[in-house]
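> So here's coords_9.cif, just mmCIF, C-alpha atoms:
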data_structure
loop_
_atom_site.group_PDB
_atom_site.id
_atom_site.type_symbol
_atom_site.label_atom_id
_atom_site.label_comp_id
_atom_site.auth_asym_id
_atom_site.auth_seq_id
_atom_site.Cartn_x
_atom_site.Cartn_y
_atom_site.Cartn_z
ATOM 1 C CA MET A 29 0.000 0.000 0.000
ATOM 2 C CA THR A 30 1.389 3.384 -1.019
ATOM 3 C CA VAL A 31 1.335 6.469 1.174
ATOM 4 C CA GLY A 32 2.181 9.239 -1.263
ATOM 5 C CA ASN A 33 5.599 8.359 -2.645
ATOM 6 C CA LEU A 34 6.374 6.007 0.266
ATOM 7 C CA THR A 35 5.117 2.531 1.041
ATOM 8 C CA LEU A 36 4.027 1.542 4.525
ATOM 9 C CA ASN A 37 6.974 -0.839 4.658
ATOM 10 C CA ASN A 38 9.352 1.998 3.799
ATOM 11 C CA ILE A 39 7.806 4.164 6.492
ATOM 12 C CA GLN A 40 8.324 1.410 9.032
ATOM 13 C CA GLN A 41 11.903 0.782 7.912
ATOM 14 C CA GLU A 42 12.778 4.474 8.069
ATOM 15 C CA ASN A 43 11.295 4.728 11.584
ATOM 16 C CA ILE A 44 9.119 7.726 10.892
ATOM 17 C CA ASP A 45 5.723 6.159 11.704
ATOM 18 C CA TRP A 46 3.665 9.363 11.715
ATOM 19 C CA GLY A 47 6.465 11.242 13.416
ATOM 20 C CA VAL A 48 7.364 8.587 15.998
ATOM 21 C CA GLY A 49 10.953 8.012 15.065
ATOM 22 C CA ASN A 50 14.535 7.628 16.110
ATOM 23 C CA VAL A 51 16.417 10.882 16.690
ATOM 24 C CA SER A 52 19.236 9.669 14.437
ATOM 25 C CA ASP A 53 16.809 9.503 11.509
ATOM 26 C CA ALA A 54 15.623 13.104 11.912
ATOM 27 C CA HIS A 55 17.402 16.294 10.926
ATOM 28 C CA PHE A 56 19.194 17.539 13.994
ATOM 29 C CA TYR A 57 17.852 21.071 13.921
ATOM 30 C CA VAL A 58 14.253 19.830 13.587
ATOM 31 C CA TRP A 59 14.894 17.726 16.669
ATOM 32 C CA LEU A 60 16.406 20.813 18.306
ATOM 33 C CA ILE A 61 13.197 22.800 17.653
ATOM 34 C CA PHE A 62 11.108 20.061 19.251
ATOM 35 C CA ALA A 63 13.505 20.028 22.213
ATOM 36 C CA GLY A 64 13.082 23.804 22.519
ATOM 37 C CA ILE A 65 9.293 23.467 22.413
ATOM 38 C CA ALA A 66 9.423 20.903 25.220
ATOM 39 C CA SER A 67 11.907 23.002 27.232
ATOM 40 C CA ILE A 68 9.599 26.040 27.107
ATOM 41 C CA GLY A 69 6.247 24.274 27.210
ATOM 42 C CA LEU A 70 6.780 21.921 30.149
ATOM 43 C CA PRO A 71 7.930 24.465 32.783
ATOM 44 C CA GLY A 72 5.865 27.260 31.198
ATOM 45 C CA ASN A 73 2.564 25.435 31.504
ATOM 46 C CA ILE A 74 3.411 24.257 35.023
ATOM 47 C CA LEU A 75 3.899 27.931 35.937
ATOM 48 C CA VAL A 76 0.537 28.796 34.370
ATOM 49 C CA ILE A 77 -1.279 26.099 36.340
ATOM 50 C CA VAL A 78 0.437 26.852 39.665
ATOM 51 C CA CYS A 79 0.215 30.652 39.399
ATOM 52 C CA PHE A 80 -3.439 30.765 38.354
ATOM 53 C CA LEU A 81 -4.341 28.270 41.056
ATOM 54 C CA PHE A 82 -2.397 29.593 44.038
ATOM 55 C CA SER A 83 -0.775 32.989 43.463
ATOM 56 C CA PRO A 84 -2.318 35.843 45.504
ATOM 57 C CA HIS A 85 -1.006 38.308 42.912
ATOM 58 C CA LEU A 86 -3.583 37.028 40.413
ATOM 59 C CA ARG A 87 -6.493 37.176 42.865
ATOM 60 C CA LYS A 88 -7.832 40.544 41.704
ATOM 61 C CA TRP A 89 -7.379 39.572 38.050
ATOM 62 C CA LYS A 90 -9.329 36.352 38.631
ATOM 63 C CA GLU A 91 -12.079 38.249 40.400
ATOM 64 C CA SER A 92 -12.470 40.603 37.420
ATOM 65 C CA THR A 93 -12.768 37.769 34.888
ATOM 66 C CA LYS A 94 -14.003 34.181 34.951
ATOM 67 C CA ILE A 95 -11.632 32.750 32.366
ATOM 68 C CA SER A 96 -8.984 31.663 34.888
ATOM 69 C CA LEU A 97 -10.630 28.231 35.153
ATOM 70 C CA TYR A 98 -10.353 27.811 31.381
ATOM 71 C CA ILE A 99 -6.727 29.025 31.418
ATOM 72 C CA ILE A 100 -5.854 26.407 34.058
ATOM 73 C CA SER A 101 -7.575 23.641 32.075
ATOM 74 C CA LEU A 102 -5.907 24.801 28.850
ATOM 75 C CA GLY A 103 -2.560 24.820 30.680
ATOM 76 C CA ILE A 104 -3.109 21.190 31.668
ATOM 77 C CA VAL A 105 -3.922 20.278 28.052
ATOM 78 C CA ASP A 106 -0.832 22.093 26.749
ATOM 79 C CA PHE A 107 1.379 20.509 29.427
ATOM 80 C CA LEU A 108 0.219 17.011 28.463
ATOM 81 C CA THR A 109 0.772 17.872 24.796
ATOM 82 C CA CYS A 110 4.360 18.882 25.627
ATOM 83 C CA VAL A 111 4.831 15.587 27.474
ATOM 84 C CA ASN A 112 3.651 13.834 24.320
ATOM 85 C CA VAL A 113 5.987 15.915 22.141
ATOM 86 C CA THR A 114 8.886 15.094 24.455
ATOM 87 C CA ALA A 115 8.173 11.361 24.304
ATOM 88 C CA LEU A 116 7.554 11.154 20.546
ATOM 89 C CA TYR A 117 9.979 13.666 19.067
ATOM 90 C CA VAL A 118 12.687 14.509 21.594
ATOM 91 C CA PHE A 119 13.284 11.035 23.012
ATOM 92 C CA GLY A 120 11.948 9.038 20.079
ATOM 93 C CA SER A 121 14.806 6.544 20.218
ATOM 94 C CA LEU A 122 14.050 5.827 23.872
ATOM 95 C CA THR A 123 10.318 5.378 23.289
ATOM 96 C CA THR A 124 10.661 2.788 20.509
ATOM 97 C CA ARG A 125 10.391 -0.062 23.018
ATOM 98 C CA PHE A 126 7.599 1.768 24.814
ATOM 99 C CA MET A 127 5.693 2.026 21.532
ATOM 100 C CA SER A 128 6.049 -1.698 20.902
ATOM 101 C CA LYS A 129 3.299 -2.322 23.450
ATOM 102 C CA ASN A 130 -0.043 -2.530 21.682
ATOM 103 C CA ILE A 131 -1.964 -0.175 23.981
ATOM 104 C CA THR A 132 0.682 2.571 23.789
ATOM 105 C CA CYS A 133 0.864 2.126 20.025
ATOM 106 C CA LYS A 134 -2.881 2.668 19.757
ATOM 107 C CA LEU A 135 -3.004 5.711 22.054
ATOM 108 C CA PHE A 136 0.296 7.482 21.382
ATOM 109 C CA GLY A 137 1.886 5.984 18.286
ATOM 110 C CA SER A 138 -1.386 6.589 16.448
ATOM 111 C CA MET A 139 -1.225 10.315 17.385
ATOM 112 C CA TYR A 140 -4.690 9.842 18.933
ATOM 113 C CA PHE A 141 -3.647 11.480 22.197
ATOM 114 C CA TYR A 142 -1.753 14.274 20.410
ATOM 115 C CA GLU A 143 -4.590 15.169 18.020
ATOM 116 C CA SER A 144 -7.217 14.851 20.760
ATOM 117 C CA MET A 145 -5.325 17.432 22.816
ATOM 118 C CA ALA A 146 -5.224 19.782 19.819
ATOM 119 C CA ILE A 147 -8.997 19.548 19.354
ATOM 120 C CA THR A 148 -9.551 19.988 23.094
ATOM 121 C CA SER A 149 -7.396 23.141 23.036
ATOM 122 C CA SER A 150 -9.343 24.492 20.087
ATOM 123 C CA TRP A 151 -12.669 24.192 21.897
ATOM 124 C CA HIS A 152 -11.210 25.681 25.073
ATOM 125 C CA ILE A 153 -10.507 28.788 23.018
ATOM 126 C CA VAL A 154 -14.137 28.735 21.828
ATOM 127 C CA VAL A 155 -15.327 28.683 25.442
ATOM 128 C CA VAL A 156 -12.997 31.573 26.350
ATOM 129 C CA ALA A 157 -14.409 33.616 23.457
ATOM 130 C CA LEU A 158 -17.954 32.815 24.624
ATOM 131 C CA GLU A 159 -17.106 33.896 28.178
ATOM 132 C CA ARG A 160 -15.658 37.185 26.900
ATOM 133 C CA TYR A 161 -18.747 37.745 24.755
ATOM 134 C CA LEU A 162 -21.051 37.275 27.743
ATOM 135 C CA ALA A 163 -18.857 39.494 29.948
ATOM 136 C CA ILE A 164 -18.904 42.399 27.492
ATOM 137 C CA CYS A 165 -22.152 42.063 25.550
ATOM 138 C CA LYS A 166 -24.326 40.383 28.212
ATOM 139 C CA PRO A 167 -22.772 41.588 31.500
ATOM 140 C CA LEU A 168 -25.817 40.964 33.687
ATOM 141 C CA TYR A 169 -26.109 37.325 32.586
ATOM 142 C CA HIS A 170 -22.333 36.910 32.951
ATOM 143 C CA ARG A 171 -22.315 38.291 36.477
ATOM 144 C CA ILE A 172 -25.353 36.414 37.799
ATOM 145 C CA LYS A 173 -25.851 33.293 35.716
ATOM 146 C CA LEU A 174 -22.369 32.179 34.608
ATOM 147 C CA THR A 175 -21.223 30.238 37.670
ATOM 148 C CA LYS A 176 -18.476 27.656 38.083
ATOM 149 C CA TYR A 177 -21.164 24.966 38.059
ATOM 150 C CA LYS A 178 -22.066 26.023 34.510
ATOM 151 C CA MET A 179 -18.441 26.464 33.436
ATOM 152 C CA MET A 180 -17.303 22.972 34.414
ATOM 153 C CA PRO A 181 -19.670 21.134 31.993
ATOM 154 C CA MET A 182 -18.419 23.407 29.208
ATOM 155 C CA ILE A 183 -14.854 22.327 29.966
ATOM 156 C CA GLY A 184 -16.018 18.709 30.027
ATOM 157 C CA LEU A 185 -17.575 19.201 26.595
ATOM 158 C CA CYS A 186 -14.196 20.394 25.256
ATOM 159 C CA TYR A 187 -12.574 17.133 26.371
ATOM 160 C CA LEU A 188 -15.472 15.103 24.974
ATOM 161 C CA LEU A 189 -15.095 16.769 21.571
ATOM 162 C CA GLY A 190 -11.344 16.206 21.709
ATOM 163 C CA PHE A 191 -11.266 12.558 22.725
ATOM 164 C CA GLY A 192 -14.616 11.241 21.577
ATOM 165 C CA THR A 193 -15.216 12.412 18.005
ATOM 166 C CA VAL A 194 -13.348 12.421 14.701
ATOM 167 C CA ASN A 195 -10.159 10.545 15.648
ATOM 168 C CA LEU A 196 -11.697 7.578 17.456
ATOM 169 C CA HIS A 197 -10.757 5.394 14.491
ATOM 170 C CA GLU A 198 -7.015 5.803 15.119
ATOM 171 C CA PRO A 199 -6.659 3.430 18.112
ATOM 172 C CA ILE A 200 -8.631 0.880 16.083
ATOM 173 C CA LEU A 201 -6.530 1.115 12.914
ATOM 174 C CA PHE A 202 -3.119 1.183 14.616
ATOM 175 C CA HIS A 203 -1.569 -2.104 15.725
ATOM 176 C CA ILE A 204 1.685 -3.945 16.268
ATOM 177 C CA ASP A 205 2.561 -5.793 13.069
ATOM 178 C CA GLU A 206 4.521 -9.032 12.674
ATOM 179 C CA SER A 207 7.858 -7.197 12.787
ATOM 180 C CA GLY A 208 6.911 -5.551 16.096
ATOM 181 C CA THR A 209 6.413 -2.103 14.528
ATOM 182 C CA CYS A 210 3.590 0.257 15.405
ATOM 183 C CA SER A 211 1.835 0.690 12.033
ATOM 184 C CA THR A 212 -1.500 1.768 10.581
ATOM 185 C CA SER A 213 -4.050 0.369 8.168
ATOM 186 C CA PHE A 214 -5.616 3.803 7.583
ATOM 187 C CA PHE A 215 -4.417 4.020 3.982
ATOM 188 C CA GLU A 216 -5.761 0.548 3.311
ATOM 189 C CA GLN A 217 -9.302 1.712 4.043
ATOM 190 C CA GLU A 218 -11.776 2.806 1.384
ATOM 191 C CA ILE A 219 -10.953 6.198 -0.111
ATOM 192 C CA TRP A 220 -14.322 7.610 0.956
ATOM 193 C CA PHE A 221 -13.481 6.764 4.575
ATOM 194 C CA GLN A 222 -10.107 8.484 4.313
ATOM 195 C CA LYS A 223 -11.698 11.623 2.841
ATOM 196 C CA CYS A 224 -14.510 11.726 5.398
ATOM 197 C CA GLN A 225 -11.992 11.451 8.233
ATOM 198 C CA ALA A 226 -9.776 14.204 6.828
ATOM 199 C CA ILE A 227 -12.705 16.572 6.254
ATOM 200 C CA SER A 228 -14.218 15.898 9.674
ATOM 201 C CA PHE A 229 -10.852 16.418 11.399
ATOM 202 C CA PHE A 230 -10.455 19.798 9.686
ATOM 203 C CA ALA A 231 -14.047 20.707 10.564
ATOM 204 C CA VAL A 232 -13.804 19.834 14.262
ATOM 205 C CA LEU A 233 -10.287 21.226 14.828
ATOM 206 C CA SER A 234 -10.477 24.341 12.661
ATOM 207 C CA PHE A 235 -13.612 25.216 10.720
ATOM 208 C CA ALA A 236 -16.347 24.783 13.350
ATOM 209 C CA PRO A 237 -14.451 26.585 16.146
ATOM 210 C CA SER A 238 -13.685 29.489 13.813
ATOM 211 C CA MET A 239 -17.327 29.785 12.766
ATOM 212 C CA VAL A 240 -18.216 30.191 16.454
ATOM 213 C CA ILE A 241 -15.298 32.389 17.531
ATOM 214 C CA LEU A 242 -15.225 34.949 14.705
ATOM 215 C CA PRO A 243 -18.834 36.201 15.131
ATOM 216 C CA LEU A 244 -18.290 36.410 18.906
ATOM 217 C CA TYR A 245 -15.178 38.551 18.568
ATOM 218 C CA PHE A 246 -16.889 40.665 15.921
ATOM 219 C CA GLU A 247 -19.655 41.469 18.423
ATOM 220 C CA ILE A 248 -17.094 42.075 21.175
ATOM 221 C CA ILE A 249 -15.085 44.510 19.042
ATOM 222 C CA GLN A 250 -18.248 46.349 18.014
ATOM 223 C CA LYS A 251 -19.266 46.690 21.662
ATOM 224 C CA LEU A 252 -15.820 47.922 22.693
ATOM 225 C CA ARG A 253 -15.829 50.499 19.890
ATOM 226 C CA GLN A 254 -19.164 51.846 21.076
ATOM 227 C CA ALA A 255 -17.891 51.982 24.663
ATOM 228 C CA SER A 256 -14.700 53.791 23.581
ATOM 229 C CA LYS A 257 -16.729 56.561 21.902
ATOM 230 C CA GLY A 258 -18.441 57.284 25.209
ATOM 231 C CA SER A 259 -15.165 56.929 27.136
ATOM 232 C CA GLN A 260 -16.728 54.027 29.044
ATOM 233 C CA ILE A 261 -14.205 51.366 28.073
ATOM 234 C CA ASN A 262 -12.509 49.473 30.879
ATOM 235 C CA LYS A 263 -8.797 49.063 30.171
ATOM 236 C CA ALA A 264 -8.611 45.833 32.158
ATOM 237 C CA VAL A 265 -11.474 44.348 30.139
ATOM 238 C CA PHE A 266 -9.805 45.434 26.910
ATOM 239 C CA LYS A 267 -6.514 43.751 27.917
ATOM 240 C CA VAL A 268 -8.256 40.465 28.697
ATOM 241 C CA VAL A 269 -9.991 40.538 25.306
ATOM 242 C CA LYS A 270 -6.698 41.318 23.588
ATOM 243 C CA THR A 271 -4.984 38.415 25.357
ATOM 244 C CA SER A 272 -7.718 35.924 24.468
ATOM 245 C CA LEU A 273 -7.731 37.149 20.856
ATOM 246 C CA VAL A 274 -3.945 36.745 20.581
ATOM 247 C CA VAL A 275 -4.260 33.180 21.953
ATOM 248 C CA PHE A 276 -6.858 32.432 19.256
ATOM 249 C CA ILE A 277 -4.699 33.895 16.463
ATOM 250 C CA ALA A 278 -1.665 31.938 17.667
ATOM 251 C CA PHE A 279 -3.687 28.730 17.698
ATOM 252 C CA VAL A 280 -4.942 29.385 14.162
ATOM 253 C CA VAL A 281 -1.423 29.992 12.835
ATOM 254 C CA CYS A 282 0.014 26.913 14.549
ATOM 255 C CA ASN A 283 -2.736 24.325 14.016
ATOM 256 C CA TYR A 284 -4.968 25.185 11.089
ATOM 257 C CA PRO A 285 -2.381 24.651 8.287
ATOM 258 C CA THR A 286 -1.806 21.037 9.383
ATOM 259 C CA ALA A 287 -5.531 20.220 9.412
ATOM 260 C CA PHE A 288 -6.083 21.991 6.084
ATOM 261 C CA PHE A 289 -3.220 20.354 4.185
ATOM 262 C CA TRP A 290 -4.065 16.930 5.629
ATOM 263 C CA MET A 291 -7.593 17.355 4.275
ATOM 264 C CA TRP A 292 -6.287 18.742 0.972
ATOM 265 C CA ASP A 293 -3.775 15.942 0.367
ATOM 266 C CA VAL A 294 -6.143 13.127 1.330
ATOM 267 C CA CYS A 295 -9.113 14.481 -0.635
ATOM 268 C CA TRP A 296 -7.044 15.148 -3.773
ATOM 269 C CA GLU A 297 -5.035 11.933 -3.248
ATOM 270 C CA ASN A 298 -1.757 13.830 -3.320
ATOM 271 C CA PRO A 299 1.539 12.134 -2.383
ATOM 272 C CA ILE A 300 2.154 12.474 1.370
ATOM 273 C CA ASP A 301 5.721 12.247 2.649
ATOM 274 C CA PHE A 302 5.593 12.479 6.436
ATOM 275 C CA SER A 303 9.399 12.502 6.604
ATOM 276 C CA GLY A 304 9.681 15.459 4.201
ATOM 277 C CA TRP A 305 10.379 19.049 5.165
ATOM 278 C CA PHE A 306 6.856 20.252 4.499
ATOM 279 C CA TRP A 307 5.111 17.864 6.882
ATOM 280 C CA GLN A 308 7.904 18.050 9.438
ATOM 281 C CA GLY A 309 7.437 21.831 9.410
ATOM 282 C CA LEU A 310 3.673 21.483 9.896
ATOM 283 C CA MET A 311 4.212 19.183 12.875
ATOM 284 C CA VAL A 312 6.654 21.690 14.379
ATOM 285 C CA MET A 313 4.076 24.461 14.013
ATOM 286 C CA MET A 314 1.348 22.317 15.535
ATOM 287 C CA SER A 315 3.562 21.460 18.494
ATOM 288 C CA MET A 316 4.481 25.111 19.042
ATOM 289 C CA SER A 317 0.904 25.924 20.061
ATOM 290 C CA ALA A 318 1.480 23.964 23.283
ATOM 291 C CA CYS A 319 4.304 26.242 24.433
ATOM 292 C CA ILE A 320 3.214 29.638 23.149
ATOM 293 C CA ASN A 321 0.402 30.458 25.601
ATOM 294 C CA PRO A 322 2.668 30.893 28.658
ATOM 295 C CA LEU A 323 4.690 33.403 26.622
ATOM 296 C CA ILE A 324 1.513 35.276 25.653
ATOM 297 C CA TYR A 325 0.381 35.448 29.287
ATOM 298 C CA THR A 326 3.829 36.653 30.357
ATOM 299 C CA PHE A 327 3.824 39.570 27.936
ATOM 300 C CA SER A 328 0.143 40.520 28.194
ATOM 301 C CA ILE A 329 -0.827 39.929 31.858
ATOM 302 C CA PRO A 330 1.271 42.015 34.306
ATOM 303 C CA GLU A 331 -0.188 40.139 37.285
ATOM 304 C CA PHE A 332 1.086 36.853 35.830
ATOM 305 C CA ARG A 333 4.587 38.314 35.455
ATOM 306 C CA LEU A 334 4.453 39.515 39.045
ATOM 307 C CA ALA A 335 3.327 36.065 40.217
ATOM 308 C CA ILE A 336 6.301 34.460 38.432
ATOM 309 C CA PHE A 337 8.909 36.889 39.744
ATOM 310 C CA LYS A 338 7.557 36.876 43.301
ATOM 311 C CA GLY A 339 7.478 33.113 43.188
ATOM 312 C CA ILE A 340 11.086 32.969 42.016
ATOM 313 C CA LYS A 341 12.174 35.403 44.726
#
Turn the structure described in the file into structure tokens.

Amino acid sequence: MTVGNLTLNNIQQENIDWGVGNVSDAHFYVWLIFAGIASIGLPGNILVIVCFLFSPHLRKWKESTKISLYIISLGIVDFLTCVNVTALYVFGSLTTRFMSKNITCKLFGSMYFYESMAITSSWHIVVVALERYLAICKPLYHRIKLTKYKMMPMIGLCYLLGFGTVNLHEPILFHIDESGTCSTSFFEQEIWFQKCQAISFFAVLSFAPSMVILPLYFEIIQKLRQASKGSQINKAVFKVVKTSLVVFIAFVVCNYPTAFFWMWDVCWENPIDFSGWFWQGLMVMMSMSACINPLIYTFSIPEFRLAIFKGIK
């Protein structure tokens, strides 16, 4: 069976298996980028979780907005993604034996866990945009009705969409073959199945969240413009909106190209070389989204910077 200009046997022999490979087989500076992503993302997201949970310096900021719960949950998702990146890309040679176990092949070698985290992150950003919309355009409802008891099910829905929708087929189609390699039968399936999966993955990761987020931010910006004309705009509210919007833009830049080109190549039956520079670059971009949020918070939330520096001191 041919995957683009490579056969499945070639993919197995070259140890690239959807990105799960030996470090010696990868270009060193690509490996170095993944190592940098892990080095920033792991401690960065731990800082996000700890600071937003326990730092007194963020207390007033958390009282003025209700998105801290979503930021903590998103930090957990990004941290676990960085753990996955570290295992698959940074220490790929050490995880080869780990991947030989059938259950780990199905969950991690299949990229099921990795892609599920990406979808979960995407819908977290949708929920943040919805919270900002309610805070600015429906302040009374936001203040009285939007409680933690209503926010928790929304977070649960993000995880359900991430782990229980379009990529459920991956643990089924990945297996340990006769040579002991973690391999897939995805490209042996009917072409209509391949196309439906690619389109649905793009829709759930990229298209559907954007169709929800963009109208919300349009309404938010319109409301803020009206408030600015009457000199009624709250600078703190504006900064929170700016931060959440930057997080959304960063996620779009990092994740959407991978979903789009996967859909494009599968639907048009283009050659797919997962070991080539193009797809390696897309995987780097997708992984970067897991380490970029702590940097955004550092530059855009003064209280978060203060929490870090006070914690260090």
> Run the PyMOL selection byres ((chain A and resi 243-258) around 12) against the file shown and list the residues it catches, as a VMD selection string.
chain A and resid 153 to 167 236 to 242 259 to 263 265 to 270 272 to 274 276 to 277
> Please provide the set of residues having any atom within 7 Å of A:Thr109, restricted to all atoms listed in the file, with same-chain residues fewer than 3 positions apart removed, written as a ChimeraX atom specification.
/A:105-106,112-113,142,145,318
> Quick one: residues within 10 Å of stretch 82-91 of chain A, all atoms listed in the file, excluding same-chain residues fewer than 4 positions away - as number ranges by chain?
A: 77-78, 95-97, 264, 268, 329-336, 338-339
> Would you mind reading off the distance between atom CA of A:Val111 and atom CA of A:Phe80, one decimal, in Å?
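Between these atoms lies a distance of 20.4 Å.
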> Could you state the separation of atom CA of A:Gly208 and atom CA of A:Glu297 in Å, given to one decimal place?
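Straight-line distance from atom CA of A:Gly208 to atom CA of A:Glu297 works out to 28.7 Å.
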> Here's the selection I'm unsure about, the PyMOL selection byres ((chain A and resi 185-191) around 8); applied to the file above, which residues does it give, as a PyMOL selection string?
chain A and resi 141+143-149+151-152+181-184+192-193+195-196
> Include C-alpha atoms and write out the residues we just selected as a PDB file, keeping the file's coordinate frame.

ATOM      1  CA  PHE A 141      -3.647  11.480  22.197  1.00  0.00           C
ATOM      2  CA  GLU A 143      -4.590  15.169  18.020  1.00  0.00           C
ATOM      3  CA  SER A 144      -7.217  14.851  20.760  1.00  0.00           C
ATOM      4  CA  MET A 145      -5.325  17.432  22.816  1.00  0.00           C
ATOM      5  CA  ALA A 146      -5.224  19.782  19.819  1.00  0.00           C
ATOM      6  CA  ILE A 147      -8.997  19.548  19.354  1.00  0.00           C
ATOM      7  CA  THR A 148      -9.551  19.988  23.094  1.00  0.00           C
ATOM      8  CA  SER A 149      -7.396  23.141  23.036  1.00  0.00           C
ATOM      9  CA  TRP A 151     -12.669  24.192  21.897  1.00  0.00           C
ATOM     10  CA  HIS A 152     -11.210  25.681  25.073  1.00  0.00           C
ATOM     11  CA  PRO A 181     -19.670  21.134  31.993  1.00  0.00           C
ATOM     12  CA  MET A 182     -18.419  23.407  29.208  1.00  0.00           C
ATOM     13  CA  ILE A 183     -14.854  22.327  29.966  1.00  0.00           C
ATOM     14  CA  GLY A 184     -16.018  18.709  30.027  1.00  0.00           C
ATOM     15  CA  GLY A 192     -14.616  11.241  21.577  1.00  0.00           C
ATOM     16  CA  THR A 193     -15.216  12.412  18.005  1.00  0.00           C
ATOM     17  CA  ASN A 195     -10.159  10.545  15.648  1.00  0.00           C
ATOM     18  CA  LEU A 196     -11.697   7.578  17.456  1.00  0.00           C
TER      19      LEU A 196
END
